[in-house]
Amino acid sequence: MLFNRIKGFLKLICIKIFCLLIFFFPALAHGSHWVNPRIAVRDPMLARLQQGRMELTALEQKEIGRYGFTGLELMTYVDMNTRPGRSWDKFERVIIVTSGGQIKIFEWLWKEIYPYKDPASILTYDGIKPGDVMKKIKGIYMSPPKKKYRGILFYIYLTSMHKHLRNKEGWSWVHGLGRYRRAPTTPKEDNWLGSVLRYDDFLLRKPWEEEYKILGKNFYNGHECLVVEGKNILDPEYYLSKRVTWVEKKHFLDLHEEQFDGKGRRSLIINKLWVQIEPWKYWVISQWNCMDPLTGRRIVRHGYDWKFDREFKEGDFLPATMGKENFWRQPETHLPPVKNVADLPLEPAARLKFWKKLHEIDKNEK
Amino acid sequence: MKNKFYISLVTLFLFIAGIDDSMADFEFSSFDPAGELCNKLQDKAPKLEISGFINNKTDLDLHGKKSDTEKGHINRDWNFQMIEWDVQLESRYRFSDYLELINVNRFLYDSLYDWDKNAHFSHSVKYRLEHYDSFKQIMSEFYFNYINGGWFLKLGKQQVVWGKMDGKCIDIINPQDSRESVNGGQDDYEWRKIPTWMTNATYFWSDYYIQFIWIPDFEPSLSPPRGSVWWYPAVSPTSSYKSYKKDKPAKTFENQEFAIRFNMVKNGWDSSLIYFYTWDDYPTMFNRDYWFNPVTGENEQYREPKYTRLHQFGFNVDKGNWFLGRNWVWRMEFLYTLNDYVRTEDPSSHDGAVKRNHLKSISSIETNWLHGRLTTLLQYSWKYNFGYDSDFRSLGSKLKRYDPAWLFSMSRKWFSNRLQVTTTFYYRPGEGSWKFKDTLSWAFSDYFSAQVRYTGFTGPSDDIYGMYDKWDNLGFEFKYNF
């Protein structure tokens, strides 16, 4: 009898401790939290073999032996980190520096929802299939004054290598005219906001659109990275000859990227600052620092005040809802003002030592 | 001499300012004096947001002084068609994330009437067009925004835009100030629309919304006044009749306007059905009695301008398709208007106007080229008059049974989107008349921009474009947004 009472008491204590744990572990208390993509995907072959591929190439087998990953696998994990599968919102400031040194500043409040259950669903087609909307994005401009209250809405579609499908639909709300209108979506290579960044750099590109080769290991800001070279396999006239990405191999974050145009010239350098957002522990890119070394044009994007697990409804992503011109929340933090180029972070630089070393290795192998 | 003195003074000032060391640190891209003032105010009242603009639009006439039309002689003694200064001040007070009060004040001054010493306009023209002087004109918008669940309510004086075309089809809710007649373009709609007091309630659910509008306060559209720059040259410059005073409908419940819109977005198809029980925004002139004028010794006709009731039914749809490796957006709008009065010269018509129905439609297709840098838009519109008669008249000219029009527009951006060039052609195949609009705009910064614009017209003198054949103009626009 006494034993049963003690047993019941202990059971109650255990339940209470568990409840307290939930309370004190905010990631659990907030319903969702970041899961390493390698764990989320469960079977790494899902990331290694995509779009109906049945077997690994000889190069990929060699890379698994040497690095533990294939290039496609790494880039898929990076892509999964950019799509948490949970609704979120953030404030963003974008500073564009023209070749003449003039700056243009855009600020907006931005939110996204994902109509599928988790990031791995994109690989397994669980509840979503090519042609379906894979995310909806809505934003409202805070500045410049000319664009204040202007709304933007995008539906991003899940595409497939085997069928030519639309990748994006877009609408805009013009505050002055007081109307929303569907806009023809621009191609992947179009310059975003007239800057050096293109839609394929952050919005439209899917990992399987490129074939990869892991060039080697390199330390970037103290993080061990695998350097992945990607070449587009869909479009023979693609605007880049290659894109080389430094992927931090523990959490799968692309920290640095160098792009090379059709003539093989280095055309864009990107440094990305990834941070983990408490209490959800999701990784986000808090700063994009990009420069075209050929023209000196730059763009710096600052994402701040992120919130996850937002209860946004699908109905709030209808084009007509942009007419509400509603800032659904105010920023809790503020970024320091930017008046001129001197207020920006240092220009991103190419990883010349890595390239030199790689060149020497290639030379020796030959 | 006086002008030369001023030019020298300005040059001297610029020279002194230029050699000042502090100017070396001047950062034009962040120069926003009014914005900084607004920010200081907003710091003191964090729930208040203030924005606005100052704009100057100057249209220089490219033709001579005189114009003889089939309907008479127009003394075109102006050098400029417009030297308009517009100021807008918009303030929003945010009571909560769901309730806001919005106030837009607008100030207009057309300095043409004071600065163009060659131009002579009547007092009535000057009174109508020179500046906004009434509270009704200045307080352009004043409304509450309330968002709760699926409901979105806008209560107060406001603008509602239903159409999505470059032109008006189902965009029928608010009247318009047409002081520039056909010289205005898409960019002018915002400024030229006349906001009205209304209750505007929308309920969103799933992929649908339904909108109810109740307008207790009827406001008519405004035509260019007789004798002004943009008065219709196809209409006789002198009246051939006397007009009674124009009365607005009495403010009773049965005279109010009601509108409803149902919209849905399914599989990328965005479509709406609309109905508007309204008044015609322009009055119809009804023939009344003849009176003997003892001074002229002639019988003069009196006409009564009256606003008439209309039923308007509409439909619109738009969709984006991938075709030939690019995204094409096509849009269609239809508007069927019931009980619209048309002027007629049929002698059997007692009051010179008959009631007819008409159907209007605009279709467009838009896409981009050159890696997204060039945007093109092709639009076809038409209007079909049911129960047509060759005696029907509009602006003194013969009305068409079927009246088609084309629009083709191209726009391209350069230099980080700072330079934009747009060219638009309007063509009316029934008449062989054209309107051209070429615009070159440059953004100096996020706050300051400028535009140079050419607008030209050609065609037969009784057509809406052709009648302005000698009204081609070169426009300059400077804008400061804050």
# chains A, B, ... in the order shown; residues from 1 in each chain; ligands from 1
>>> residues_around(residues="B:Asn79", least_positions_apart="5", cutoff="8 Å", atoms="only C-alpha atoms", output="short mmCIF file (atom, residue, chain, number, x, y, z; two decimals) with C-alpha atoms, in the first residue's frame")
data_model
loop_
_atom_site.label_atom_id
_atom_site.label_comp_id
_atom_site.auth_asym_id
_atom_site.auth_seq_id
_atom_site.Cartn_x
_atom_site.Cartn_y
_atom_site.Cartn_z
CA LEU B 60 5.26 73.18 -72.06
CA ASP B 61 3.06 73.68 -75.13
CA ASP B 116 2.27 82.64 -67.70
CA ASN B 118 0.54 85.62 -71.98
CA ALA B 119 -2.29 83.38 -70.88
#
>>> interface_residues(of="chain A", to="chain B", cutoff="8 Å", atoms="only C-alpha atoms", output="short mmCIF file (atom, residue, chain, number, x, y, z; two decimals) with all heavy atoms, in the first residue's frame")
data_model
loop_
_atom_site.label_atom_id
_atom_site.label_comp_id
_atom_site.auth_asym_id
_atom_site.auth_seq_id
_atom_site.Cartn_x
_atom_site.Cartn_y
_atom_site.Cartn_z
N THR A 98 25.35 51.67 -55.44
CA THR A 98 25.55 51.69 -56.89
C THR A 98 27.04 51.86 -57.18
O THR A 98 27.82 52.18 -56.27
CB THR A 98 24.76 52.84 -57.54
OG1 THR A 98 25.29 54.07 -57.05
CG2 THR A 98 23.29 52.76 -57.21
N GLN A 102 26.47 55.72 -54.56
CA GLN A 102 25.20 56.17 -53.98
C GLN A 102 24.51 55.01 -53.28
O GLN A 102 24.65 53.86 -53.70
CB GLN A 102 24.30 56.69 -55.08
CG GLN A 102 24.54 58.15 -55.41
CD GLN A 102 23.23 58.91 -55.49
OE1 GLN A 102 22.26 58.37 -55.98
NE2 GLN A 102 23.22 60.14 -55.02
N ILE A 103 23.76 55.32 -52.22
CA ILE A 103 23.06 54.24 -51.55
C ILE A 103 21.55 54.38 -51.68
O ILE A 103 21.02 55.48 -51.74
CB ILE A 103 23.45 54.11 -50.05
CG1 ILE A 103 23.18 55.40 -49.29
CG2 ILE A 103 24.90 53.69 -49.89
CD1 ILE A 103 23.29 55.21 -47.79
N LYS A 104 20.91 53.20 -51.76
CA LYS A 104 19.44 53.14 -51.76
C LYS A 104 19.07 52.20 -50.63
O LYS A 104 19.68 51.14 -50.47
CB LYS A 104 18.94 52.52 -53.08
CG LYS A 104 19.13 53.43 -54.29
CD LYS A 104 18.95 52.65 -55.57
CE LYS A 104 17.52 52.29 -55.85
NZ LYS A 104 17.37 51.60 -57.16
N ILE A 105 18.08 52.59 -49.84
CA ILE A 105 17.73 51.76 -48.68
C ILE A 105 16.26 51.34 -48.76
O ILE A 105 15.37 52.17 -48.97
CB ILE A 105 17.98 52.51 -47.36
CG1 ILE A 105 19.45 52.92 -47.27
CG2 ILE A 105 17.59 51.66 -46.15
CD1 ILE A 105 19.82 53.71 -46.04
N PRO A 144 11.81 52.92 -49.00
CA PRO A 144 11.87 54.39 -49.00
C PRO A 144 10.47 55.00 -49.02
O PRO A 144 9.49 54.29 -49.27
CB PRO A 144 12.61 54.69 -50.31
CG PRO A 144 12.28 53.54 -51.20
CD PRO A 144 12.20 52.35 -50.31
N PRO A 145 10.37 56.30 -48.76
CA PRO A 145 9.06 56.94 -48.67
C PRO A 145 8.17 56.68 -49.87
O PRO A 145 6.97 56.50 -49.73
CB PRO A 145 9.40 58.42 -48.56
CG PRO A 145 10.79 58.49 -48.09
CD PRO A 145 11.48 57.25 -48.55
N LYS A 146 8.79 56.64 -51.04
CA LYS A 146 8.00 56.42 -52.26
C LYS A 146 7.29 55.07 -52.24
O LYS A 146 6.26 54.89 -52.87
CB LYS A 146 8.94 56.51 -53.47
CG LYS A 146 8.26 56.67 -54.78
CD LYS A 146 9.27 56.76 -55.89
CE LYS A 146 8.59 56.77 -57.24
NZ LYS A 146 9.55 56.79 -58.33
N LEU A 165 7.62 23.65 -65.13
CA LEU A 165 6.55 24.19 -64.29
C LEU A 165 6.88 25.64 -63.92
O LEU A 165 8.03 26.02 -63.87
CB LEU A 165 6.42 23.37 -63.01
CG LEU A 165 6.05 21.90 -63.16
CD1 LEU A 165 6.36 21.14 -61.89
CD2 LEU A 165 4.57 21.78 -63.49
N ARG A 166 5.83 26.40 -63.62
CA ARG A 166 6.07 27.77 -63.15
C ARG A 166 6.78 27.69 -61.81
O ARG A 166 6.54 26.78 -61.01
CB ARG A 166 4.75 28.52 -63.03
CG ARG A 166 3.81 27.91 -62.02
CD ARG A 166 2.48 28.59 -61.98
NE ARG A 166 1.52 27.71 -61.32
CZ ARG A 166 0.26 28.00 -61.13
NH1 ARG A 166 -0.22 29.13 -61.56
NH2 ARG A 166 -0.55 27.16 -60.53
N GLU A 169 4.78 33.09 -58.68
CA GLU A 169 3.74 34.02 -59.09
C GLU A 169 3.86 35.22 -58.18
O GLU A 169 4.19 35.07 -56.99
CB GLU A 169 2.36 33.41 -58.89
CG GLU A 169 1.83 32.71 -60.12
CD GLU A 169 0.37 32.34 -59.95
OE1 GLU A 169 0.05 31.65 -58.96
OE2 GLU A 169 -0.43 32.73 -60.79
N GLY A 176 -0.16 54.26 -53.58
CA GLY A 176 -0.70 55.47 -54.18
C GLY A 176 -1.91 55.18 -55.05
O GLY A 176 -2.94 55.84 -54.95
N LEU A 177 -1.80 54.17 -55.90
CA LEU A 177 -2.90 53.84 -56.80
C LEU A 177 -4.02 53.11 -56.08
O LEU A 177 -5.14 53.07 -56.55
CB LEU A 177 -2.39 52.96 -57.95
CG LEU A 177 -1.61 53.64 -59.07
CD1 LEU A 177 -1.11 52.61 -60.05
CD2 LEU A 177 -2.48 54.66 -59.80
N GLY A 178 -3.69 52.51 -54.94
CA GLY A 178 -4.69 51.81 -54.15
C GLY A 178 -5.22 50.56 -54.84
O GLY A 178 -6.40 50.25 -54.77
N ARG A 179 -4.33 49.86 -55.52
CA ARG A 179 -4.80 48.65 -56.19
C ARG A 179 -3.71 47.58 -56.17
O ARG A 179 -2.53 47.90 -56.11
CB ARG A 179 -5.22 48.93 -57.62
CG ARG A 179 -4.06 49.13 -58.53
CD ARG A 179 -4.44 49.15 -59.97
NE ARG A 179 -3.24 49.23 -60.76
CZ ARG A 179 -3.19 49.68 -62.00
NH1 ARG A 179 -4.28 50.07 -62.59
NH2 ARG A 179 -2.06 49.71 -62.65
N TYR A 180 -4.16 46.34 -56.22
CA TYR A 180 -3.20 45.25 -56.35
C TYR A 180 -3.27 44.72 -57.77
O TYR A 180 -4.31 44.78 -58.42
CB TYR A 180 -3.44 44.15 -55.32
CG TYR A 180 -4.60 43.23 -55.60
CD1 TYR A 180 -4.43 42.07 -56.33
CD2 TYR A 180 -5.87 43.52 -55.12
CE1 TYR A 180 -5.50 41.21 -56.58
CE2 TYR A 180 -6.94 42.69 -55.37
CZ TYR A 180 -6.75 41.53 -56.10
OH TYR A 180 -7.81 40.71 -56.35
N ARG A 181 -2.15 44.22 -58.23
CA ARG A 181 -2.10 43.72 -59.60
C ARG A 181 -1.08 42.60 -59.69
O ARG A 181 -0.02 42.68 -59.10
CB ARG A 181 -1.72 44.86 -60.54
CG ARG A 181 -1.95 44.55 -61.98
CD ARG A 181 -2.17 45.83 -62.75
NE ARG A 181 -1.05 46.13 -63.61
CZ ARG A 181 -1.15 46.90 -64.69
NH1 ARG A 181 -2.30 47.43 -65.02
NH2 ARG A 181 -0.11 47.17 -65.42
N ARG A 182 -1.44 41.58 -60.45
CA ARG A 182 -0.51 40.48 -60.71
C ARG A 182 0.58 40.99 -61.64
O ARG A 182 0.29 41.71 -62.60
CB ARG A 182 -1.26 39.34 -61.39
CG ARG A 182 -0.49 38.07 -61.54
CD ARG A 182 -1.20 37.16 -62.50
NE ARG A 182 -2.49 36.71 -62.00
CZ ARG A 182 -2.68 35.57 -61.34
NH1 ARG A 182 -1.67 34.78 -61.10
NH2 ARG A 182 -3.88 35.22 -60.94
N ALA A 183 1.81 40.67 -61.34
CA ALA A 183 2.91 41.14 -62.18
C ALA A 183 3.57 39.94 -62.85
O ALA A 183 3.65 38.87 -62.24
CB ALA A 183 3.93 41.87 -61.33
N PRO A 184 4.01 40.10 -64.10
CA PRO A 184 4.72 38.97 -64.72
C PRO A 184 6.00 38.71 -63.93
O PRO A 184 6.75 39.64 -63.65
CB PRO A 184 5.02 39.46 -66.13
CG PRO A 184 4.86 40.93 -66.10
CD PRO A 184 3.97 41.28 -64.96
N THR A 185 6.22 37.47 -63.57
CA THR A 185 7.40 37.18 -62.77
C THR A 185 8.65 37.22 -63.64
O THR A 185 8.64 36.78 -64.79
CB THR A 185 7.29 35.82 -62.07
OG1 THR A 185 7.04 34.86 -63.07
CG2 THR A 185 6.18 35.82 -61.05
N THR A 186 9.68 37.75 -63.06
CA THR A 186 10.92 37.93 -63.81
C THR A 186 11.72 36.62 -63.78
O THR A 186 11.55 35.81 -62.88
CB THR A 186 11.74 39.05 -63.19
OG1 THR A 186 11.76 38.86 -61.79
CG2 THR A 186 11.13 40.40 -63.49
N PRO A 187 12.62 36.43 -64.74
CA PRO A 187 13.40 35.20 -64.75
C PRO A 187 14.39 35.12 -63.58
O PRO A 187 14.64 36.13 -62.91
CB PRO A 187 14.13 35.26 -66.08
CG PRO A 187 14.07 36.66 -66.52
CD PRO A 187 12.90 37.29 -65.88
N GLU A 189 17.49 34.99 -63.41
CA GLU A 189 18.72 35.77 -63.45
C GLU A 189 18.47 37.27 -63.31
O GLU A 189 19.40 38.07 -63.37
CB GLU A 189 19.49 35.50 -64.75
CG GLU A 189 18.79 35.94 -66.02
CD GLU A 189 17.92 34.86 -66.62
OE1 GLU A 189 17.43 33.99 -65.87
OE2 GLU A 189 17.72 34.85 -67.85
N ASP A 190 17.18 37.66 -63.12
CA ASP A 190 16.90 39.10 -63.01
C ASP A 190 17.48 39.66 -61.72
O ASP A 190 17.46 39.01 -60.67
CB ASP A 190 15.39 39.33 -63.03
CG ASP A 190 15.06 40.81 -63.13
OD1 ASP A 190 15.82 41.54 -63.78
OD2 ASP A 190 14.07 41.24 -62.53
N LEU A 193 15.69 44.04 -57.17
CA LEU A 193 15.64 45.48 -56.83
C LEU A 193 16.71 46.27 -57.59
O LEU A 193 17.17 47.30 -57.13
CB LEU A 193 15.84 45.70 -55.32
CG LEU A 193 14.84 45.06 -54.37
CD1 LEU A 193 15.32 45.17 -52.94
CD2 LEU A 193 13.47 45.70 -54.51
N GLY A 194 17.13 45.75 -58.73
CA GLY A 194 18.17 46.42 -59.50
C GLY A 194 19.56 46.27 -58.91
O GLY A 194 20.47 46.97 -59.30
N SER A 195 19.69 45.34 -57.97
CA SER A 195 20.98 45.17 -57.28
C SER A 195 21.82 44.08 -57.97
O SER A 195 21.43 43.54 -59.00
CB SER A 195 20.74 44.77 -55.83
OG SER A 195 20.37 43.42 -55.76
N GLU A 314 -3.81 31.02 -44.07
CA GLU A 314 -3.68 31.00 -45.54
C GLU A 314 -4.42 32.18 -46.16
O GLU A 314 -3.95 32.80 -47.10
CB GLU A 314 -4.27 29.70 -46.10
CG GLU A 314 -3.44 28.47 -45.85
CD GLU A 314 -2.51 28.16 -47.00
OE1 GLU A 314 -2.72 28.66 -48.10
OE2 GLU A 314 -1.55 27.40 -46.77
N GLY A 315 -5.59 32.49 -45.59
CA GLY A 315 -6.41 33.58 -46.13
C GLY A 315 -5.71 34.93 -46.08
O GLY A 315 -6.08 35.85 -46.80
N LEU A 318 -3.87 36.08 -49.46
CA LEU A 318 -4.61 36.37 -50.69
C LEU A 318 -4.16 37.72 -51.21
O LEU A 318 -3.87 38.62 -50.42
CB LEU A 318 -6.11 36.44 -50.40
CG LEU A 318 -6.86 35.14 -50.23
CD1 LEU A 318 -8.31 35.42 -49.87
CD2 LEU A 318 -6.80 34.31 -51.50
N LYS A 324 -4.89 45.95 -46.98
CA LYS A 324 -5.01 46.33 -45.56
C LYS A 324 -3.87 47.27 -45.15
O LYS A 324 -3.99 48.00 -44.18
CB LYS A 324 -4.96 45.08 -44.67
CG LYS A 324 -6.16 44.18 -44.81
CD LYS A 324 -5.99 42.96 -43.91
CE LYS A 324 -7.16 42.01 -44.06
NZ LYS A 324 -6.95 40.77 -43.29
N ASN A 326 -1.30 46.77 -43.58
CA ASN A 326 -1.18 46.62 -42.14
C ASN A 326 0.20 46.10 -41.74
O ASN A 326 0.62 45.04 -42.19
CB ASN A 326 -2.28 45.64 -41.67
CG ASN A 326 -2.15 45.30 -40.21
OD1 ASN A 326 -1.94 44.15 -39.86
ND2 ASN A 326 -2.25 46.29 -39.37
N PHE A 327 0.90 46.89 -40.89
CA PHE A 327 2.12 46.39 -40.26
C PHE A 327 1.65 45.56 -39.06
O PHE A 327 1.27 46.13 -38.04
CB PHE A 327 3.01 47.55 -39.80
CG PHE A 327 3.57 48.35 -40.94
CD1 PHE A 327 3.03 49.56 -41.29
CD2 PHE A 327 4.64 47.86 -41.67
CE1 PHE A 327 3.54 50.28 -42.36
CE2 PHE A 327 5.16 48.58 -42.75
CZ PHE A 327 4.61 49.79 -43.08
N TRP A 328 1.63 44.27 -39.21
CA TRP A 328 0.99 43.42 -38.20
C TRP A 328 1.77 43.41 -36.89
O TRP A 328 1.26 42.97 -35.88
CB TRP A 328 0.76 42.01 -38.72
CG TRP A 328 1.98 41.34 -39.26
CD1 TRP A 328 2.83 40.53 -38.58
CD2 TRP A 328 2.50 41.42 -40.60
NE1 TRP A 328 3.84 40.11 -39.40
CE2 TRP A 328 3.67 40.63 -40.65
CE3 TRP A 328 2.09 42.07 -41.75
CZ2 TRP A 328 4.43 40.50 -41.81
CZ3 TRP A 328 2.85 41.93 -42.90
CH2 TRP A 328 4.00 41.15 -42.92
N ARG A 329 3.00 43.90 -36.91
CA ARG A 329 3.71 44.11 -35.65
C ARG A 329 4.79 45.17 -35.86
O ARG A 329 5.13 45.50 -36.99
CB ARG A 329 4.29 42.82 -35.09
CG ARG A 329 5.47 42.24 -35.84
CD ARG A 329 5.93 40.98 -35.13
NE ARG A 329 6.95 40.28 -35.85
CZ ARG A 329 8.26 40.41 -35.62
NH1 ARG A 329 8.70 41.27 -34.71
NH2 ARG A 329 9.14 39.70 -36.31
N LYS A 339 24.05 56.03 -43.20
CA LYS A 339 23.98 57.31 -43.94
C LYS A 339 24.81 57.24 -45.22
O LYS A 339 24.50 57.88 -46.21
CB LYS A 339 24.51 58.45 -43.07
CG LYS A 339 23.63 58.77 -41.88
CD LYS A 339 22.51 59.70 -42.29
CE LYS A 339 21.64 60.05 -41.10
NZ LYS A 339 20.39 60.69 -41.51
N ASN A 340 25.90 56.48 -45.15
CA ASN A 340 26.74 56.36 -46.34
C ASN A 340 27.51 55.03 -46.31
O ASN A 340 27.33 54.23 -45.38
CB ASN A 340 27.70 57.54 -46.46
CG ASN A 340 28.49 57.75 -45.20
OD1 ASN A 340 28.95 56.79 -44.59
ND2 ASN A 340 28.62 59.00 -44.78
#
>>> residues_around(residues="A:Arg93", least_positions_apart="4", cutoff="10 Å", atoms="only C-alpha atoms", output="list in words")
Ile105, Phe106, Glu107, Trp108, Leu109, Tyr141, Met142, Ser143, Gln287, Val300, Arg301, His302, Gly303, Tyr304 and Leu335 of chain A
>>> residues_around(residues="B:Lys136", least_positions_apart="2", cutoff="10 Å", atoms="only C-alpha atoms", output="mmCIF file with all heavy atoms, in the first residue's frame")
data_model
loop_
_atom_site.group_PDB
_atom_site.id
_atom_site.type_symbol
_atom_site.label_atom_id
_atom_site.label_comp_id
_atom_site.auth_asym_id
_atom_site.auth_seq_id
_atom_site.Cartn_x
_atom_site.Cartn_y
_atom_site.Cartn_z
ATOM 1 N N ASN B 105 -3.960 64.880 -46.658
ATOM 2 C CA ASN B 105 -4.288 66.245 -47.069
ATOM 3 C C ASN B 105 -3.543 66.575 -48.345
ATOM 4 O O ASN B 105 -2.366 66.233 -48.480
ATOM 5 C CB ASN B 105 -3.905 67.238 -45.977
ATOM 6 C CG ASN B 105 -4.790 67.071 -44.761
ATOM 7 O OD1 ASN B 105 -6.001 66.913 -44.888
ATOM 8 N ND2 ASN B 105 -4.192 67.059 -43.597
ATOM 9 N N TYR B 132 -6.564 74.354 -54.806
ATOM 10 C CA TYR B 132 -7.562 73.773 -53.911
ATOM 11 C C TYR B 132 -7.776 74.776 -52.793
ATOM 12 O O TYR B 132 -6.812 75.179 -52.131
ATOM 13 C CB TYR B 132 -7.052 72.474 -53.294
ATOM 14 C CG TYR B 132 -7.046 71.278 -54.224
ATOM 15 C CD1 TYR B 132 -6.436 70.079 -53.833
ATOM 16 C CD2 TYR B 132 -7.665 71.314 -55.463
ATOM 17 C CE1 TYR B 132 -6.424 68.979 -54.660
ATOM 18 C CE2 TYR B 132 -7.657 70.211 -56.295
ATOM 19 C CZ TYR B 132 -7.035 69.046 -55.891
ATOM 20 O OH TYR B 132 -7.022 67.955 -56.712
ATOM 21 N N ASP B 133 -9.015 75.173 -52.588
ATOM 22 C CA ASP B 133 -9.241 76.146 -51.528
ATOM 23 C C ASP B 133 -10.328 75.722 -50.555
ATOM 24 O O ASP B 133 -10.550 76.398 -49.550
ATOM 25 C CB ASP B 133 -9.556 77.524 -52.116
ATOM 26 C CG ASP B 133 -10.762 77.487 -53.034
ATOM 27 O OD1 ASP B 133 -11.294 76.378 -53.240
ATOM 28 O OD2 ASP B 133 -11.154 78.540 -53.543
ATOM 29 N N SER B 134 -10.987 74.619 -50.830
ATOM 30 C CA SER B 134 -12.048 74.228 -49.899
ATOM 31 C C SER B 134 -11.558 73.075 -49.025
ATOM 32 O O SER B 134 -10.651 72.316 -49.397
ATOM 33 C CB SER B 134 -13.301 73.802 -50.672
ATOM 34 O OG SER B 134 -13.029 72.619 -51.384
ATOM 35 N N ILE B 138 -9.046 69.884 -49.867
ATOM 36 C CA ILE B 138 -7.768 69.702 -49.160
ATOM 37 C C ILE B 138 -7.775 68.423 -48.321
ATOM 38 O O ILE B 138 -6.826 67.648 -48.380
ATOM 39 C CB ILE B 138 -7.460 70.951 -48.297
ATOM 40 C CG1 ILE B 138 -7.171 72.137 -49.222
ATOM 41 C CG2 ILE B 138 -6.274 70.691 -47.369
ATOM 42 C CD1 ILE B 138 -7.103 73.471 -48.536
ATOM 43 N N MET B 139 -8.831 68.215 -47.558
ATOM 44 C CA MET B 139 -8.875 66.976 -46.774
ATOM 45 C C MET B 139 -9.328 65.848 -47.703
ATOM 46 O O MET B 139 -10.495 65.518 -47.810
ATOM 47 C CB MET B 139 -9.795 67.093 -45.576
ATOM 48 C CG MET B 139 -9.468 66.027 -44.546
ATOM 49 S SD MET B 139 -10.719 65.823 -43.320
ATOM 50 C CE MET B 139 -12.057 65.158 -44.249
ATOM 51 N N SER B 140 -8.359 65.305 -48.383
ATOM 52 C CA SER B 140 -8.659 64.343 -49.435
ATOM 53 C C SER B 140 -9.184 63.023 -48.873
ATOM 54 O O SER B 140 -10.148 62.465 -49.372
ATOM 55 C CB SER B 140 -7.395 64.124 -50.247
ATOM 56 O OG SER B 140 -7.577 63.124 -51.165
ATOM 57 N N GLU B 141 -8.495 62.515 -47.860
ATOM 58 C CA GLU B 141 -8.929 61.240 -47.278
ATOM 59 C C GLU B 141 -8.900 61.331 -45.758
ATOM 60 O O GLU B 141 -7.998 61.957 -45.183
ATOM 61 C CB GLU B 141 -8.023 60.096 -47.750
ATOM 62 C CG GLU B 141 -8.176 59.804 -49.227
ATOM 63 C CD GLU B 141 -7.262 58.681 -49.713
ATOM 64 O OE1 GLU B 141 -7.365 57.572 -49.176
ATOM 65 O OE2 GLU B 141 -6.452 58.944 -50.610
ATOM 66 N N LYS B 157 -13.774 59.011 -45.529
ATOM 67 C CA LYS B 157 -13.546 59.504 -46.884
ATOM 68 C C LYS B 157 -12.340 58.780 -47.482
ATOM 69 O O LYS B 157 -11.252 58.812 -46.891
ATOM 70 C CB LYS B 157 -13.293 61.011 -46.836
ATOM 71 C CG LYS B 157 -13.424 61.689 -48.161
ATOM 72 C CD LYS B 157 -13.203 63.173 -48.025
ATOM 73 C CE LYS B 157 -13.370 63.849 -49.380
ATOM 74 N NZ LYS B 157 -12.885 65.220 -49.363
ATOM 75 N N ILE B 194 -11.274 61.427 -57.085
ATOM 76 C CA ILE B 194 -11.934 62.226 -56.044
ATOM 77 C C ILE B 194 -12.461 61.281 -54.961
ATOM 78 O O ILE B 194 -13.398 60.513 -55.201
ATOM 79 C CB ILE B 194 -13.096 63.058 -56.640
ATOM 80 C CG1 ILE B 194 -12.553 63.994 -57.735
ATOM 81 C CG2 ILE B 194 -13.808 63.836 -55.544
ATOM 82 C CD1 ILE B 194 -13.631 64.734 -58.504
ATOM 83 N N PRO B 195 -11.836 61.305 -53.784
ATOM 84 C CA PRO B 195 -12.295 60.410 -52.716
ATOM 85 C C PRO B 195 -13.682 60.818 -52.210
ATOM 86 O O PRO B 195 -14.042 61.992 -52.263
ATOM 87 C CB PRO B 195 -11.237 60.593 -51.621
ATOM 88 C CG PRO B 195 -10.064 61.197 -52.307
ATOM 89 C CD PRO B 195 -10.640 62.052 -53.397
ATOM 90 N N THR B 196 -14.450 59.843 -51.752
ATOM 91 C CA THR B 196 -15.806 60.127 -51.242
ATOM 92 C C THR B 196 -16.001 59.451 -49.893
ATOM 93 O O THR B 196 -15.292 58.508 -49.546
ATOM 94 C CB THR B 196 -16.890 59.606 -52.217
ATOM 95 O OG1 THR B 196 -16.571 58.263 -52.565
ATOM 96 C CG2 THR B 196 -16.969 60.434 -53.463
#
>>> atom_distance(atom1="atom CA of B:Pro294", atom2="atom CA of B:Asp247")
27.8 Å
>>> select_by_dssp(residues="stretch 163-290 of chain B", states="strand (DSSP E or B)", output="JSON, numbers by chain")
{"B": [176, 177, 193, 196, 197, 198, 199, 200, 201, 202, 203, 204, 205, 208, 209, 210, 211, 212, 213, 214, 215, 222, 242, 243, 257, 258, 259, 260, 261, 262, 263, 264, 265, 266, 269, 270, 271, 272, 273, 274, 275, 276, 277, 278, 279, 284, 285, 286, 287, 288, 289, 290]}
>>> closest_residue(among="B:Ile54, B:Ile274, B:Leu399, B:Leu310", to="B:Val342", atoms="only C-alpha atoms")
B:Leu399
